[in-house]
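What follows is the content of protein.tsv (TSV, C-alpha atoms).
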chain	number	residue	atom	x	y	z
A	1	MET	CA	0.00	0.00	0.00
A	2	SER	CA	1.15	3.52	-0.77
A	3	SER	CA	2.42	5.64	2.09
A	4	LEU	CA	0.46	8.59	0.65
A	5	GLN	CA	-3.28	8.17	0.46
A	6	LYS	CA	-6.27	10.49	0.07
A	7	THR	CA	-9.94	9.66	0.55
A	8	TYR	CA	-12.99	11.66	-0.48
A	9	ILE	CA	-16.73	11.17	-0.02
A	10	VAL	CA	-18.81	12.39	-2.95
A	11	THR	CA	-21.45	14.98	-2.08
A	12	SER	CA	-24.57	15.80	-4.10
A	13	SER	CA	-22.91	18.92	-5.52
A	14	ASP	CA	-19.81	16.94	-6.57
A	15	VAL	CA	-21.46	14.29	-8.75
A	16	ASP	CA	-19.42	14.00	-11.95
A	17	ARG	CA	-17.23	11.68	-14.03
A	18	LEU	CA	-14.41	10.16	-12.01
A	19	ASP	CA	-11.62	12.01	-13.86
A	20	ALA	CA	-13.48	15.34	-13.74
A	21	TYR	CA	-14.21	14.88	-10.01
A	22	LEU	CA	-10.53	14.24	-9.26
A	23	ALA	CA	-9.49	17.23	-11.36
A	24	LYS	CA	-11.50	19.44	-8.99
A	25	LYS	CA	-9.94	17.81	-5.93
A	26	LEU	CA	-6.33	17.58	-7.13
A	27	VAL	CA	-5.96	21.17	-8.30
A	28	ASP	CA	-2.17	20.92	-8.68
A	29	SER	CA	-2.36	17.90	-10.99
A	30	SER	CA	-2.90	17.90	-14.75
A	31	ARG	CA	-5.78	15.96	-16.31
A	32	SER	CA	-3.29	13.60	-17.99
A	33	HIS	CA	-1.65	12.85	-14.63
A	34	ILE	CA	-5.04	12.10	-13.09
A	35	GLN	CA	-5.96	9.80	-15.95
A	36	LYS	CA	-2.64	8.02	-15.54
A	37	LEU	CA	-3.40	7.40	-11.86
A	38	ILE	CA	-6.74	5.86	-12.87
A	39	GLU	CA	-5.18	3.75	-15.64
A	40	GLU	CA	-2.49	2.46	-13.29
A	41	LYS	CA	-5.19	1.39	-10.81
A	42	CYS	CA	-4.18	3.82	-8.09
A	43	VAL	CA	-7.79	5.07	-7.78
A	44	PHE	CA	-10.62	3.16	-6.07
A	45	VAL	CA	-14.36	3.87	-5.96
A	46	ASN	CA	-15.99	1.97	-3.10
A	47	ALA	CA	-12.85	-0.23	-2.99
A	48	LYS	CA	-13.14	-1.09	-6.73
A	49	HIS	CA	-11.23	0.12	-9.77
A	50	GLU	CA	-13.38	2.05	-12.25
A	51	LYS	CA	-12.79	3.68	-15.64
A	52	LYS	CA	-12.12	7.42	-15.93
A	53	SER	CA	-15.61	7.91	-17.40
A	54	PHE	CA	-17.33	6.22	-14.42
A	55	LEU	CA	-20.20	8.42	-13.20
A	56	LEU	CA	-20.00	8.98	-9.46
A	57	LYS	CA	-23.04	9.29	-7.22
A	58	GLU	CA	-23.61	10.85	-3.82
A	59	GLY	CA	-22.02	8.86	-1.02
A	60	ASP	CA	-19.38	7.12	-3.15
A	61	VAL	CA	-16.00	6.78	-1.44
A	62	VAL	CA	-13.06	7.69	-3.68
A	63	ARG	CA	-9.59	6.69	-2.53
A	64	ILE	CA	-6.27	7.48	-4.19
A	65	ASP	CA	-3.16	5.45	-3.36
A	66	PHE	CA	-0.38	7.63	-4.72
A	67	PRO	CA	2.62	5.62	-5.94
A	68	GLU	CA	5.85	5.91	-4.03
A	69	PRO	CA	8.02	8.69	-5.48
A	70	LYS	CA	10.81	7.40	-7.70
A	71	THR	CA	14.43	8.25	-7.10
A	72	LEU	CA	15.43	11.10	-9.38
A	73	ASP	CA	17.99	9.80	-11.86
A	74	VAL	CA	18.49	13.19	-13.49
A	75	HIS	CA	21.22	15.29	-11.93
A	76	PRO	CA	21.81	19.05	-11.98
A	77	GLN	CA	24.56	20.18	-14.33
A	78	ASP	CA	26.21	23.58	-14.54
A	79	ILE	CA	25.33	24.26	-18.18
A	80	PRO	CA	25.08	27.92	-19.30
A	81	LEU	CA	21.55	29.12	-20.08
A	82	ASP	CA	20.50	32.09	-22.22
A	83	ILE	CA	17.76	33.49	-19.97
A	84	LEU	CA	15.62	36.34	-21.33
A	85	TYR	CA	13.33	36.60	-18.32
A	86	GLU	CA	12.99	35.07	-14.86
A	87	ASP	CA	10.85	35.55	-11.76
A	88	ASP	CA	9.56	33.30	-8.97
A	89	SER	CA	7.08	31.54	-11.29
A	90	ILE	CA	8.60	31.23	-14.76
A	91	LEU	CA	11.69	31.48	-16.93
A	92	VAL	CA	11.90	32.31	-20.63
A	93	ILE	CA	14.93	30.68	-22.22
A	94	ASN	CA	16.57	30.86	-25.63
A	95	LYS	CA	17.46	27.18	-26.19
A	96	GLY	CA	20.49	26.53	-28.28
A	97	LYS	CA	20.64	24.27	-31.34
A	98	GLY	CA	21.61	20.70	-30.49
A	99	MET	CA	20.32	20.72	-26.91
A	100	VAL	CA	17.69	18.11	-25.99
A	101	VAL	CA	14.89	19.58	-23.85
A	102	HIS	CA	14.41	16.72	-21.39
A	103	PRO	CA	16.06	13.37	-20.59
A	104	ALA	CA	14.90	10.10	-22.07
A	105	ALA	CA	16.03	6.51	-21.74
A	106	GLY	CA	19.80	6.35	-22.14
A	107	ASN	CA	20.13	10.14	-22.31
A	108	TYR	CA	20.20	11.66	-18.85
A	109	GLU	CA	22.88	14.32	-19.23
A	110	GLY	CA	23.42	17.57	-21.10
A	111	THR	CA	19.72	18.39	-21.46
A	112	LEU	CA	17.85	21.59	-20.71
A	113	VAL	CA	16.36	19.89	-17.64
A	114	ASN	CA	19.85	19.14	-16.27
A	115	ALA	CA	20.71	22.82	-16.67
A	116	LEU	CA	17.42	23.97	-15.11
A	117	LEU	CA	17.85	21.72	-12.07
A	118	PHE	CA	21.20	23.38	-11.40
A	119	HIS	CA	20.06	26.93	-12.08
A	120	CYS	CA	16.76	26.70	-10.18
A	121	LYS	CA	18.17	24.46	-7.42
A	122	GLY	CA	15.36	21.99	-8.01
A	123	LYS	CA	12.57	24.56	-7.69
A	124	LEU	CA	10.59	23.53	-10.76
A	125	SER	CA	7.01	22.36	-11.32
A	126	GLU	CA	6.46	18.64	-10.71
A	127	ILE	CA	3.46	18.10	-12.99
A	128	ASN	CA	5.36	16.44	-15.82
A	129	GLY	CA	7.24	14.06	-13.54
A	130	ILE	CA	10.83	13.49	-12.55
A	131	LEU	CA	12.26	13.53	-16.07
A	132	ARG	CA	10.52	16.72	-17.23
A	133	PRO	CA	10.35	19.09	-14.24
A	134	GLY	CA	9.24	22.56	-15.32
A	135	ILE	CA	8.77	21.59	-18.96
A	136	VAL	CA	5.49	23.02	-20.29
A	137	HIS	CA	6.25	22.64	-24.01
A	138	ARG	CA	9.14	21.48	-26.16
A	139	ILE	CA	11.01	22.31	-29.32
A	140	ASP	CA	13.09	19.77	-31.23
A	141	LYS	CA	16.75	19.14	-30.41
A	142	ASP	CA	17.95	20.87	-33.58
A	143	THR	CA	15.40	23.69	-33.43
A	144	SER	CA	16.64	26.66	-31.44
A	145	GLY	CA	14.70	29.50	-29.85
A	146	LEU	CA	12.32	30.52	-27.11
A	147	LEU	CA	10.77	28.31	-24.44
A	148	VAL	CA	8.84	29.13	-21.27
A	149	VAL	CA	9.56	27.01	-18.18
A	150	ALA	CA	7.35	26.74	-15.07
A	151	LYS	CA	8.86	26.91	-11.59
A	152	THR	CA	5.58	26.20	-9.78
A	153	ASN	CA	2.69	23.80	-10.36
A	154	LYS	CA	0.27	26.74	-10.42
A	155	ALA	CA	2.24	28.44	-13.20
A	156	HIS	CA	2.49	25.16	-15.10
A	157	LEU	CA	-1.28	24.55	-15.05
A	158	HIS	CA	-1.99	28.16	-16.07
A	159	LEU	CA	0.41	27.98	-19.02
A	160	SER	CA	-0.79	24.51	-20.05
A	161	GLU	CA	-4.34	25.81	-20.25
A	162	GLN	CA	-3.21	28.61	-22.57
A	163	PHE	CA	-1.46	26.09	-24.82
A	164	LYS	CA	-4.61	23.95	-24.79
A	165	LYS	CA	-6.73	26.94	-25.84
A	166	HIS	CA	-4.16	27.92	-28.53
A	167	SER	CA	-3.90	31.42	-27.07
A	168	ILE	CA	-0.09	31.40	-26.90
A	169	THR	CA	1.74	33.50	-29.52
A	170	ARG	CA	4.37	31.37	-31.24
A	171	GLU	CA	6.24	32.58	-34.31
A	172	TYR	CA	9.08	30.72	-36.00
A	173	GLU	CA	11.41	31.77	-38.80
A	174	MET	CA	12.72	29.26	-41.30
A	175	ILE	CA	14.49	28.75	-44.62
A	176	CYS	CA	13.03	26.21	-47.00
A	177	PHE	CA	13.79	24.70	-50.38
A	178	GLY	CA	12.10	26.22	-53.42
A	179	ARG	CA	10.94	29.69	-54.43
A	180	ILE	CA	7.35	30.11	-53.23
A	181	LYS	CA	5.06	32.35	-55.31
A	182	GLU	CA	2.27	32.94	-52.78
A	183	ASP	CA	2.71	35.61	-50.10
A	184	ARG	CA	0.74	33.68	-47.47
A	185	ILE	CA	-0.18	30.01	-47.13
A	186	THR	CA	-2.23	28.25	-44.45
A	187	ILE	CA	-1.91	24.49	-44.03
A	188	ASP	CA	-4.81	22.95	-42.10
A	189	LYS	CA	-4.02	19.23	-42.10
A	190	PRO	CA	-4.20	16.72	-39.20
A	191	LEU	CA	-0.98	15.15	-38.01
A	192	GLY	CA	-0.22	11.74	-36.57
A	193	ARG	CA	2.49	9.10	-36.49
A	194	ASN	CA	3.61	8.01	-39.97
A	195	PRO	CA	2.46	4.37	-40.30
A	196	LYS	CA	5.36	3.67	-42.68
A	197	ASN	CA	8.07	5.27	-40.52
A	198	ARG	CA	7.57	5.49	-36.75
A	199	LEU	CA	10.30	8.13	-36.46
A	200	GLN	CA	8.24	10.54	-38.56
A	201	MET	CA	4.98	12.40	-38.14
A	202	ALA	CA	2.76	12.76	-41.20
A	203	VAL	CA	-0.51	14.21	-42.52
A	204	VAL	CA	-3.02	11.44	-41.72
A	205	LYS	CA	-6.82	11.46	-41.72
A	206	GLU	CA	-7.11	10.16	-38.18
A	207	GLY	CA	-4.47	12.58	-36.83
A	208	LYS	CA	-4.89	15.50	-34.45
A	209	PRO	CA	-5.94	18.89	-35.88
A	210	ALA	CA	-2.96	21.03	-36.89
A	211	VAL	CA	-2.93	24.53	-38.40
A	212	THR	CA	0.15	26.46	-39.52
A	213	HIS	CA	0.16	29.92	-41.12
A	214	PHE	CA	3.13	30.67	-43.38
A	215	GLU	CA	4.16	34.18	-44.48
A	216	ILE	CA	6.89	34.87	-47.04
A	217	LEU	CA	9.60	37.22	-45.73
A	218	GLU	CA	12.09	37.04	-48.60
A	219	ARG	CA	12.57	35.06	-51.81
A	220	PHE	CA	15.91	33.90	-53.17
A	221	TYR	CA	16.81	32.02	-56.35
A	222	ASP	CA	15.69	28.58	-55.18
A	223	LYS	CA	15.08	29.10	-51.46
A	224	THR	CA	12.47	31.01	-49.43
A	225	TYR	CA	12.75	32.73	-46.05
A	226	MET	CA	9.44	32.43	-44.17
A	227	ARG	CA	7.66	33.05	-40.91
A	228	ALA	CA	5.44	30.31	-39.47
A	229	THR	CA	2.75	31.04	-36.88
A	230	LEU	CA	1.28	28.12	-35.00
A	231	GLU	CA	-2.36	27.71	-34.04
A	232	THR	CA	-1.66	24.25	-32.67
A	233	GLY	CA	1.55	22.68	-31.39
A	234	ARG	CA	1.85	19.15	-32.71
A	235	THR	CA	5.13	17.25	-32.81
A	236	HIS	CA	7.23	18.35	-35.83
A	237	GLN	CA	4.24	20.43	-37.04
A	238	ILE	CA	6.12	23.08	-39.03
A	239	ARG	CA	8.55	20.54	-40.46
A	240	VAL	CA	5.76	18.22	-41.64
A	241	HIS	CA	3.51	20.97	-43.02
A	242	SER	CA	6.47	22.51	-44.87
A	243	SER	CA	7.33	19.17	-46.41
A	244	TYR	CA	3.66	18.54	-47.21
A	245	MET	CA	3.43	21.69	-49.32
A	246	GLY	CA	6.57	20.69	-51.21
A	247	HIS	CA	9.00	23.07	-49.48
A	248	PRO	CA	10.87	21.20	-46.74
A	249	LEU	CA	13.33	22.96	-44.45
A	250	LEU	CA	17.02	23.20	-45.23
A	251	GLY	CA	18.90	20.61	-43.21
A	252	ASP	CA	15.85	18.58	-42.23
A	253	GLU	CA	17.13	15.11	-43.06
A	254	LEU	CA	14.10	13.41	-41.49
A	255	TYR	CA	11.59	14.96	-43.90
A	256	THR	CA	13.54	15.51	-47.12
A	257	LYS	CA	16.24	13.91	-49.23
A	258	GLN	CA	17.14	17.25	-50.81
A	259	LYS	CA	20.72	18.22	-50.09
A	260	THR	CA	22.20	21.62	-49.36
A	261	ASN	CA	25.79	22.86	-49.68
A	262	TYR	CA	25.62	24.35	-46.19
A	263	CYS	CA	27.07	22.40	-43.28
A	264	LEU	CA	24.02	22.22	-41.03
A	265	GLN	CA	23.15	20.54	-37.76
A	266	GLY	CA	19.50	19.82	-38.37
A	267	GLN	CA	16.75	22.01	-39.77
A	268	THR	CA	16.91	25.80	-40.22
A	269	LEU	CA	14.07	26.61	-37.85
A	270	TYR	CA	14.10	29.19	-35.07
A	271	ALA	CA	11.43	29.91	-32.43
A	272	LYS	CA	11.74	33.71	-32.58
A	273	LYS	CA	8.66	35.04	-30.75
A	274	LEU	CA	6.76	33.78	-27.70
A	275	GLY	CA	3.86	35.55	-25.99
A	276	PHE	CA	1.49	34.51	-23.22
A	277	VAL	CA	-0.47	35.71	-20.19
A	278	HIS	CA	1.72	35.69	-17.08
A	279	PRO	CA	0.34	33.04	-14.69
A	280	VAL	CA	0.55	35.36	-11.66
A	281	THR	CA	0.18	38.96	-12.83
A	282	GLU	CA	-2.32	38.06	-15.62
A	283	ASP	CA	-0.53	40.56	-17.90
A	284	TYR	CA	0.23	39.59	-21.49
A	285	ILE	CA	3.99	39.47	-22.02
A	286	GLU	CA	5.89	38.84	-25.24
A	287	PHE	CA	9.50	38.02	-26.03
A	288	THR	CA	11.58	38.04	-29.22
A	289	SER	CA	15.16	37.03	-29.83
A	290	ASP	CA	17.70	37.71	-32.57
A	291	LEU	CA	18.30	35.04	-35.18
A	292	PRO	CA	21.38	32.88	-34.50
A	293	ASP	CA	24.56	33.63	-36.42
A	294	TYR	CA	24.44	30.53	-38.63
A	295	PHE	CA	20.92	31.49	-39.77
A	296	THR	CA	21.78	35.11	-40.65
A	297	LYS	CA	24.91	33.92	-42.47
A	298	ILE	CA	22.84	31.62	-44.71
A	299	LEU	CA	20.41	34.46	-45.44
A	300	GLN	CA	23.26	36.74	-46.48
A	301	LEU	CA	24.85	34.07	-48.68
A	302	GLU	CA	21.52	33.38	-50.39
A	303	ARG	CA	21.01	37.11	-51.04
A	304	GLU	CA	24.46	37.36	-52.60
A	305	ARG	CA	23.91	34.24	-54.68
A	306	TYR	CA	20.53	35.51	-55.94
A	307	GLN	CA	21.99	38.88	-56.89
A	308	SER	CA	24.89	37.28	-58.77
A	309	ILE	CA	22.51	35.01	-60.73
A	310	LYS	CA	20.25	37.94	-61.67
A	311	LYS	CA	23.13	39.91	-63.19
If you took the structure in this file and wrote it as structure tokens, what would it be?
Amino acid sequence: MSSLQKTYIVTSSDVDRLDAYLAKKLVDSSRSHIQKLIEEKCVFVNAKHEKKSFLLKEGDVVRIDFPEPKTLDVHPQDIPLDILYEDDSILVINKGKGMVVHPAAGNYEGTLVNALLFHCKGKLSEINGILRPGIVHRIDKDTSGLLVVAKTNKAHLHLSEQFKKHSITREYEMICFGRIKEDRITIDKPLGRNPKNRLQMAVVKEGKPAVTHFEILERFYDKTYMRATLETGRTHQIRVHSSYMGHPLLGDELYTKQKTNYCLQGQTLYAKKLGFVHPVTEDYIEFTSDLPDYFTKILQLERERYQSIKK
């Protein structure tokens, strides 16, 4: 039996689905965490396991046996962080290219989480578990740019709700193959795991809704510099939607076989702008960051190449 246990008696005003009822009681836990507790049979209704959709009635006894906390295998590391903003609730960080956001099996060092544990001395939200403390959202290893991190569970839940409602401002800048004629393109195509390649995401009918707005910033001879604004935040969304419209990102070896003469570490994609409502002050705040040097160098080289071809 778990050393940490909570018991509730359902009142007439509390009648609801089991998962919804627990969400009201466990205010510092995410809905996914609550559903995981139910799935792992840590929740009992009248001493029986029930599904998350079970409809409670007045007088039901709900007991939660919380699992014993696991030993944290992720250690703090003194890794420099580019911090744009920090207070007692959140940090906004400019993540470098090549850095993994959080540890995974066989990769427990050198991640953003390792750096955050050192910098914040362990004071990070616990909602996403021991391997992802403070992590509200992610960007790919080889995508650089802005991320918001939660120090408290309250801040984490507040930010997660904004992501869920798609009210977060997220703008990326990118360089893709091909010269695009249109000034603006919107791709509204659902994304899911590619059934032919489990490492890839793909446009699939049964996937989750995904909307990306593309705006042309500059055209070169056979490349295009664009801005992408996300309505949703699916895994690899910009990379897949770019490839879907026939203009994959430079350096994105997962979604294109097209080669570039530039020596690149992954795709040319940068999370340049991030805006959200502060979880404590309730003020809207917005952050932007300068493009990395490698990105601006490619832009300059493409401008020079285009000018020389036009002459």
(message) From the options A:Gly134, A:Asp60, A:Cys42, A:Lys154, which residue's atoms come nearest to Val280 of chain A, counting all atoms listed in the file?
(response) A:Lys154
(request) Take the point (14.6, 13.1, -16.2) as written in the file and pick out every residue within 6 Å of it, counting all atoms listed in the file; give the list as a list in words. (result) Val74, Pro103, Ile130, Leu131 and Arg132 of chain A
(request) Rank nothing, just name the residue among A:Thr281, A:Thr169, A:Ser12, A:Thr224 nearest to Leu299 of chain A, using all atoms listed in the file. (result) A:Thr224
(message) I need the residue nearest Asn197 of chain A from this list: A:Ile298, A:Leu254, A:Met174, A:Leu116. Use all atoms listed in the file for the distance.
(response) A:Leu254
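Considering only C-alpha atoms, the residue among A:Gly122, A:Pro209, A:Leu199, A:Thr288 positioned nearest to Glu253 of chain A is A:Leu199.
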(request) Determine the nearest neighbour of Glu109 of chain A from the options A:Arg138, A:Thr143, A:Val92, A:Asp78, counting only C-alpha atoms. (result) A:Asp78
(message) Report, in Å to a single decimal, how far apart atom CA of Gln200 of chain A and atom CA of His236 of chain A are.
(response)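 Atom CA of Gln200 of chain A lies at a distance of 8.3 Å from atom CA of His236 of chain A.
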(message) So, with all atoms listed in the file as the atoms that count, which of A:His278, A:Arg63, A:Arg305, A:Arg239 lies closest to Tyr85 of chain A?
(response) A:His278
(message) Could you tell me how far atom CA of Arg31 of chain A sits from atom CA of Ile238 of chain A, in Å to one decimal place?
(response) 26.6 Å
(request) Rounded to one decimal place, report the atom CA of Phe295 of chain A-atom CA of Asn114 of chain A distance in Å. (result) 26.6 Å
(message) At a cut-off of 12 Å, using all atoms listed in the file, what residues contact Leu301 of chain A? Leave out same-chain residues fewer than 6 positions from it and give the result as an NGL selection string.
(response) :A and (220-221 or 223 or 261-262 or 294-295 or 307-308)
